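Here is the structure we will look at.
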Amino acid sequence: MGGGNNKKLKGVGGWLLVFVIPWAIGTIWNIFNVVEGISILSVYSIKDIGTSLILIFLYIVLTSILIFLKIVCLILIFKKKQKAIDWVIVTIVYGVLNAIFLGYFIVTLSKWILSVSMNLVFGIIWILYFKKSQRVKNTLIK
């Protein structure tokens with residue numbers, strides 16, 4: 001009886017869909033933020049470089065890497081590739097480290113602590129989901 005239910009858990013649905021939709025929306029949001037950062041940098045000349053501009057540049061570079069990783073993950077999930085699991089885990093860890101590093105320089109301490117805490121909690125939850133979920137095991141099989 002239980003084995004039959006596990007076979008039904010297949011495809012990009014259920015909690016996997018709950019992961020994919022915000023992941024895709026977040027990726028689009030990241031793209032807008034990078035474009036905004038580029039537009040801010042384009043206003044300044046090389047002689048105006050200061051700490052703020054260096055941080056904006058770092059944000060653009062690090063977030064562009066995150067965008068790339070998230071897009072690769074989405075493609076692998078929709079192609080039902082098993083290696084999507086490892087890519088998602090690496091991307092989550094990168095995202096947490098990114099939030100720790102960039103947040104430390106950009107936001108207040110209380111916001112940084114909240115951001116890091118949320119990233120860690122959600123990161124752990126989704127990593128456990130991708131490691132343990134029957135739907136993930138049944139869907140990402142190629």
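In the structure tokens, each chain is lettered A, B, ... as it comes, each chain's residues begin at 1, and ligands are numbered from 1 in order of appearance.
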Sel. of alpha helix (DSSP H) residues, chain A, as a VMD selection string: chain A and resid 2 to 8 14 to 43 51 to 78 84 to 106 109 to 132 134 to 139
Go ahead and write the residues just picked, C-alpha atoms, as a compact mmCIF listing (two decimals), in the first residue's frame.
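Output file result-v4.txt is given in full below:
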# COMPACT_ATOMS: atom_id res chain seq x y z
CA GLY A 2 2.75 2.50 0.95
CA GLY A 3 4.86 1.56 -2.07
CA GLY A 4 2.06 2.48 -4.46
CA ASN A 5 1.76 5.92 -2.92
CA ASN A 6 5.48 6.51 -3.42
CA LYS A 7 5.12 5.78 -7.15
CA LYS A 8 2.47 8.52 -7.41
CA GLY A 14 3.87 19.06 -4.62
CA TRP A 15 6.67 20.48 -2.51
CA LEU A 16 9.04 20.35 -5.47
CA LEU A 17 6.79 22.87 -7.21
CA VAL A 18 6.75 24.95 -4.01
CA PHE A 19 10.54 25.03 -4.35
CA VAL A 20 10.68 25.68 -8.11
CA ILE A 21 8.23 28.61 -8.34
CA PRO A 22 9.93 30.89 -5.77
CA TRP A 23 13.33 29.77 -7.10
CA ALA A 24 12.34 30.95 -10.60
CA ILE A 25 10.79 34.19 -9.32
CA GLY A 26 13.87 34.82 -7.17
CA THR A 27 16.09 34.31 -10.20
CA ILE A 28 14.13 36.93 -12.15
CA TRP A 29 14.39 39.25 -9.14
CA ASN A 30 18.16 38.67 -9.02
CA ILE A 31 18.43 39.57 -12.71
CA PHE A 32 16.59 42.86 -12.10
CA ASN A 33 18.91 43.62 -9.18
CA VAL A 34 22.00 42.97 -11.29
CA VAL A 35 20.66 45.23 -14.07
CA GLU A 36 19.98 47.91 -11.46
CA GLY A 37 23.52 47.52 -10.10
CA ILE A 38 24.97 47.83 -13.59
CA SER A 39 22.92 50.98 -14.23
CA ILE A 40 24.25 52.48 -10.97
CA LEU A 41 27.85 51.63 -11.93
CA SER A 42 27.42 53.04 -15.43
CA VAL A 43 26.81 56.53 -14.02
CA THR A 51 33.88 51.32 -1.15
CA SER A 52 30.22 51.56 -2.20
CA LEU A 53 31.02 51.07 -5.87
CA ILE A 54 33.30 48.14 -5.10
CA LEU A 55 30.49 46.54 -3.09
CA ILE A 56 28.04 47.11 -5.95
CA PHE A 57 30.52 45.51 -8.34
CA LEU A 58 31.00 42.55 -6.00
CA TYR A 59 27.22 42.23 -5.66
CA ILE A 60 26.86 42.15 -9.45
CA VAL A 61 29.55 39.48 -9.87
CA LEU A 62 28.44 37.26 -6.98
CA THR A 63 24.75 37.55 -7.84
CA SER A 64 25.46 36.83 -11.51
CA ILE A 65 27.11 33.58 -10.42
CA LEU A 66 24.03 32.81 -8.30
CA ILE A 67 21.74 33.51 -11.27
CA PHE A 68 23.76 31.14 -13.44
CA LEU A 69 23.63 28.39 -10.80
CA LYS A 70 19.88 28.82 -10.27
CA ILE A 71 19.16 28.68 -14.01
CA VAL A 72 21.25 25.52 -14.35
CA CYS A 73 19.30 23.99 -11.45
CA LEU A 74 15.94 24.85 -13.01
CA ILE A 75 16.98 23.38 -16.36
CA LEU A 76 18.23 20.19 -14.69
CA ILE A 77 15.03 19.86 -12.64
CA PHE A 78 12.78 20.25 -15.67
CA ALA A 84 19.99 18.51 -10.22
CA ILE A 85 20.05 17.41 -6.57
CA ASP A 86 23.77 18.16 -6.21
CA TRP A 87 23.46 21.40 -8.17
CA VAL A 88 20.60 22.59 -5.97
CA ILE A 89 22.55 21.79 -2.80
CA VAL A 90 25.66 23.60 -4.07
CA THR A 91 23.54 26.59 -5.13
CA ILE A 92 21.79 26.75 -1.76
CA VAL A 93 25.12 26.66 0.07
CA TYR A 94 26.51 29.33 -2.30
CA GLY A 95 23.40 31.46 -1.71
CA VAL A 96 23.80 31.20 2.08
CA LEU A 97 27.49 32.12 1.86
CA ASN A 98 26.62 34.96 -0.51
CA ALA A 99 24.03 36.29 1.97
CA ILE A 100 26.54 36.04 4.81
CA PHE A 101 29.27 37.87 2.91
CA LEU A 102 27.27 40.54 1.09
CA GLY A 103 24.79 41.13 3.87
CA TYR A 104 27.58 41.82 6.32
CA PHE A 105 28.68 44.82 4.24
CA ILE A 106 25.33 46.06 2.98
CA LEU A 109 23.63 43.98 11.94
CA SER A 110 20.09 43.05 12.98
CA LYS A 111 18.98 42.66 9.34
CA TRP A 112 22.13 40.69 8.60
CA ILE A 113 21.47 38.28 11.49
CA LEU A 114 17.85 37.85 10.36
CA SER A 115 18.89 37.30 6.74
CA VAL A 116 21.60 34.78 7.62
CA SER A 117 19.25 32.95 10.01
CA MET A 118 16.48 32.73 7.40
CA ASN A 119 18.90 31.61 4.70
CA LEU A 120 20.34 28.93 6.98
CA VAL A 121 16.94 27.62 8.09
CA PHE A 122 15.45 27.54 4.60
CA GLY A 123 18.71 26.18 3.18
CA ILE A 124 18.74 23.30 5.65
CA ILE A 125 15.06 22.55 5.03
CA TRP A 126 15.45 22.44 1.24
CA ILE A 127 18.70 20.47 1.36
CA LEU A 128 17.00 17.88 3.56
CA TYR A 129 14.03 17.87 1.21
CA PHE A 130 16.21 17.22 -1.85
CA LYS A 131 18.13 14.50 0.02
CA LYS A 132 15.10 12.69 1.51
CA GLN A 134 10.45 10.46 -2.46
CA ARG A 135 9.12 12.84 -5.14
CA VAL A 136 12.65 14.08 -5.86
CA LYS A 137 13.93 10.49 -6.02
CA ASN A 138 11.11 9.48 -8.38
CA THR A 139 11.33 12.60 -10.58
message: as a ChimeraX atom specification, please: the residues near Leu140 in chain A (cut-off 6 Å, only C-alpha atoms, same-chain neighbours under 4 positions excluded).
response: /A:80-82,136
